[in-house]
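**Q** Supplied in C-alpha cells, the structure appears directly below.
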Amino acid sequence: MSTDMQNLTASPDYRNLLDRISDTYTQGRTRAVRAVNLHLTETYWQVGRHIVEFEQGGKDKAEYGKALISNLSRDLCLRHGRGFSRSNVVYMRLFYQCFPDAQKSQTLSDQLSWSHIVELLKIGDPLERGFYQQQTIRERWSVRELMRQKDSSLFLRLAASKDKAGILQLAAQGQLIEQPADLLREPYVFEFLKIPEPYQVSETQLETVLCDHLQPFLLELGKGFTFVGRQYRVTINNSHYKVDLVFYHRILRCFVLIDLKLGDVQHHDIGQMNLYLGYFANEENVEGDNPPIGIILSRNKDELLVEYATYGMNSQLFVQKYQLYLPDREALRRELELSLREAEADE
C-alpha cells in the first residue's frame with residue numbers, strides 16, 4: 001500500500017466517511033428488509049382474502065375444502081415457486097380469517113415478520129393469541145423466543161393468578177410492568193437448562209447454570225431485568241452474607257434480589273431475604289431508586305408457612321415456585337377455564 005493510501009485510510013476524516021457510509025448502508029438494508037416483509041405479509045393477507053371470498057361464494061365452492069387448498073398450492077408453486085407450499089397457503093387463509101380487518105392486519109404486518117405471524121396463527125385461543133401478539137411486539141421477541149414462551153405456557157402461567165378483568169387486559173395489552181407483583185409468574189420454568197430427570201444438582205450448581213444461560217434466564221424473568229451479579233456480598237457488623245443473584249429492573253427502577261432453594265422454603269429463608277431487602281434499601285439504593293424486591297425461588301412452597309412467616313413483613317418479598325421442565329399445559333388451561341367459569345358465576 002502506498003504512503004498516500006496509508007495516510008488517507010489512517011485519517012480521521014476518512015474513518016468518519018467510512019463509518020457514515022457503512023451506517024447509511026446498514027440502515028438502508030434494514031429498511032429494505034422491513035419493506036419486503038411488509039409487502040410480503042400484505043400479499044399473503046390478500047391471498048387469504050381471495051380464498052375465503054371464493055369459499056363464501058356458494059355451497060358448491062365451500063365443499064371443495066381440502067382439495068381447493070391442495071390444488072392452489074400445486075398450481076401456484078408451478079407459477080411462482082415454493083412460497084406456496086400447502087402449509088403456507090393454509091396459513092394465508094388463516095391469516096385473513098383471524099385478522100379480517102385490513103388496517104389491523106397491515107399494522108401487524110409492519111411490526112412482525114411472516115414467521116412471527118405463522119407462530120401466532122398456530123394458537124387457537126383468541127385471548128392467548130392476543131397476549132403473545134402484544135408481548136412479541138412489546139418485548140421484540142425473535143421467532144425462537146416467541147416459540148419458547150409459547151412452549152413454556154407463559155400466558156397460562158400469568159393468567160392463572162389473575163381475575164377475569166386481569167386476564168382480558170393481559171390478552172389485549174400484554175404484560176404491563178407497573179408494580180412489583182407484575183414481575184411474578186407461577187411457576188418459573190427453567191427447561192432451557194436441560195437438566196436430565198431425575199435431577200441432582202446443588203443450589204450452587206443451579207445458580208451457576210442459570211448464569212451460564214443468562215440470555216434465556218432473562219427472557220424467562222421478563223422485560224426490564226439487567227444482571228448485576230451473583231453471590232453479591234452483604235456485610236453487616238462484620239458478618240458476611242451473600243445474595244444468590246442480584247438484578248436491577250429498569251422499568252420499576254429498583255434492585256431485584258433472588259435466592260434459590262432446592263427444597264421447601266423455611267421461615268428463616270424468608271427472614272434472611274427480608275434482611276437483604278433492608279440492607280439494599282439503606283446501603284445500595286441511590287437517589288431515584290425504589291425499594292428493592294426480593295424473590296425466593298423454590299421447588300416447593302408451603303402456602304400457610306409463607307403466609308405466617310411474611311405476616312406484617314415487607315410487601316415486596318415474594319416466594320415463588322420454579323420447575324426444571326415444561327409445565328403441563330392442559331392442567332394450566334383447565335385451571336384458567338375454571339377461574340373464568342367461577343368469575344362468570346359471580347357476575
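We label chains A, B, ... in the order they appear in the C-alpha cells, count residues from 1 in each chain, and number ligands from 1 in the order shown.
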Fewer than 6 positions away in the same chain doesn't count, so skip those; otherwise give me all residues within 12 Å of Ile270 of chain A, counting only C-alpha atoms, as a PyMOL selection string.
**A** chain A and resi 258-261+264+276-277+294-298+301+305-311+313-314+316-320
**Q** If we count only C-alpha atoms and set the cut-off at 6 Å, which residues sit around segment 44-53 of chain A, ignoring sequence neighbours fewer than 2 positions away in its own chain? Please answer as a ChimeraX atom specification.
**A** /A:41-42,55-56,92-93,96
**Q** Tell me, as a PyMOL selection string, which residues lie within 12 Å of Asn71 of chain A, counting only C-alpha atoms; anything in the same chain fewer than 3 positions away does not count.
**A** chain A and resi 51+64-68+74-78+84-86+89-90
**Q** Which value, in Å to one decimal, gives the distance between atom CA of Glu191 of chain A and atom CA of Val209 of chain A?
**A**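 Answer for the atom CA of Glu191 of chain A to atom CA of Val209 of chain A separation: 11.6 Å.
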**Q** Please provide as a ChimeraX atom specification all residues within 12 Å of Glu197 of chain A, with the sequence filter that same-chain residues fewer than 6 positions apart are discarded (counting only C-alpha atoms).
**A** /A:191,323-325
**Q** Taking C-alpha atoms for each residue, export the selection above as a compact mmCIF listing (two decimals), in the first residue's frame.
**A**
# COMPACT_ATOMS: atom_id res chain seq x y z
CA GLU A 191 -36.39 -26.06 30.89
CA GLN A 323 -39.56 -26.10 37.84
CA LEU A 324 -36.91 -27.53 35.55
CA TYR A 325 -39.27 -28.96 32.94
**Q** Could you tell me, as a PyMOL selection string, which residues of segment 1-205 of chain A DSSP assigns to alpha helix (DSSP H) when given the backbone?
**A** chain A and resi 3-10+12-55+59-62+66-80+86-98+102-111+114-121+126-139+143-151+154-159+164-173+203-205
**Q** Write out as a JSON list (two decimals) with C-alpha atoms, in the first residue's frame the residues lying within 12 Å of Arg333 of chain A, counting only C-alpha atoms and excluding same-chain residues fewer than 6 positions away.
**A**
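The resulting file, result-v1.json, is shown below:
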[["chain", "number", "residue", "atom", "x", "y", "z"],
["A", 125, "ASP", "CA", -57.49, -19.37, 21.52],
["A", 128, "GLU", "CA", -53.93, -16.39, 24.19],
["A", 153, "SER", "CA", -47.18, -21.64, 28.54],
["A", 154, "LEU", "CA", -46.32, -18.11, 29.65],
["A", 155, "PHE", "CA", -49.84, -16.77, 29.08],
["A", 156, "LEU", "CA", -51.44, -19.54, 31.12],
["A", 157, "ARG", "CA", -48.91, -19.12, 33.93],
["A", 158, "LEU", "CA", -49.55, -15.38, 34.14],
["A", 159, "ALA", "CA", -53.31, -15.64, 33.69],
["A", 160, "ALA", "CA", -53.77, -18.30, 36.39],
["A", 327, "PRO", "CA", -45.39, -27.34, 32.67],
["A", 339, "SER", "CA", -61.25, -19.43, 37.10],
["A", 340, "LEU", "CA", -63.19, -17.88, 34.21]]
**Q** Extract, using only C-alpha atoms, all DNA, RNA and protein residues at most 12 Å from Thr235 of chain A, discarding same-chain residues fewer than 5 positions from it, and format them as a list of chain:residue names.
**A**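 Residues meeting the cut-off are A:His240, A:Tyr241, A:Lys242, A:Val243, A:Leu275, A:Tyr276, A:Tyr279, A:Phe280, A:Glu283, A:Glu284.
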**Q** For those residues, write C-alpha atoms to a file as a PDB file, in the first residue's frame.
**A**
ATOM      1  CA  HIS A 240     -20.875 -11.630  55.755  1.00  0.00           C
ATOM      2  CA  TYR A 241     -23.863 -12.834  53.746  1.00  0.00           C
ATOM      3  CA  LYS A 242     -24.293 -13.458  50.043  1.00  0.00           C
ATOM      4  CA  VAL A 243     -27.346 -12.932  47.849  1.00  0.00           C
ATOM      5  CA  LEU A 275     -32.606  -8.717  55.942  1.00  0.00           C
ATOM      6  CA  TYR A 276     -31.181  -8.364  52.410  1.00  0.00           C
ATOM      7  CA  TYR A 279     -29.636  -3.689  53.587  1.00  0.00           C
ATOM      8  CA  PHE A 280     -30.163  -2.795  49.915  1.00  0.00           C
ATOM      9  CA  GLU A 283     -26.886   0.811  51.722  1.00  0.00           C
ATOM     10  CA  GLU A 284     -27.202   0.195  47.976  1.00  0.00           C
TER      11      GLU A 284
END
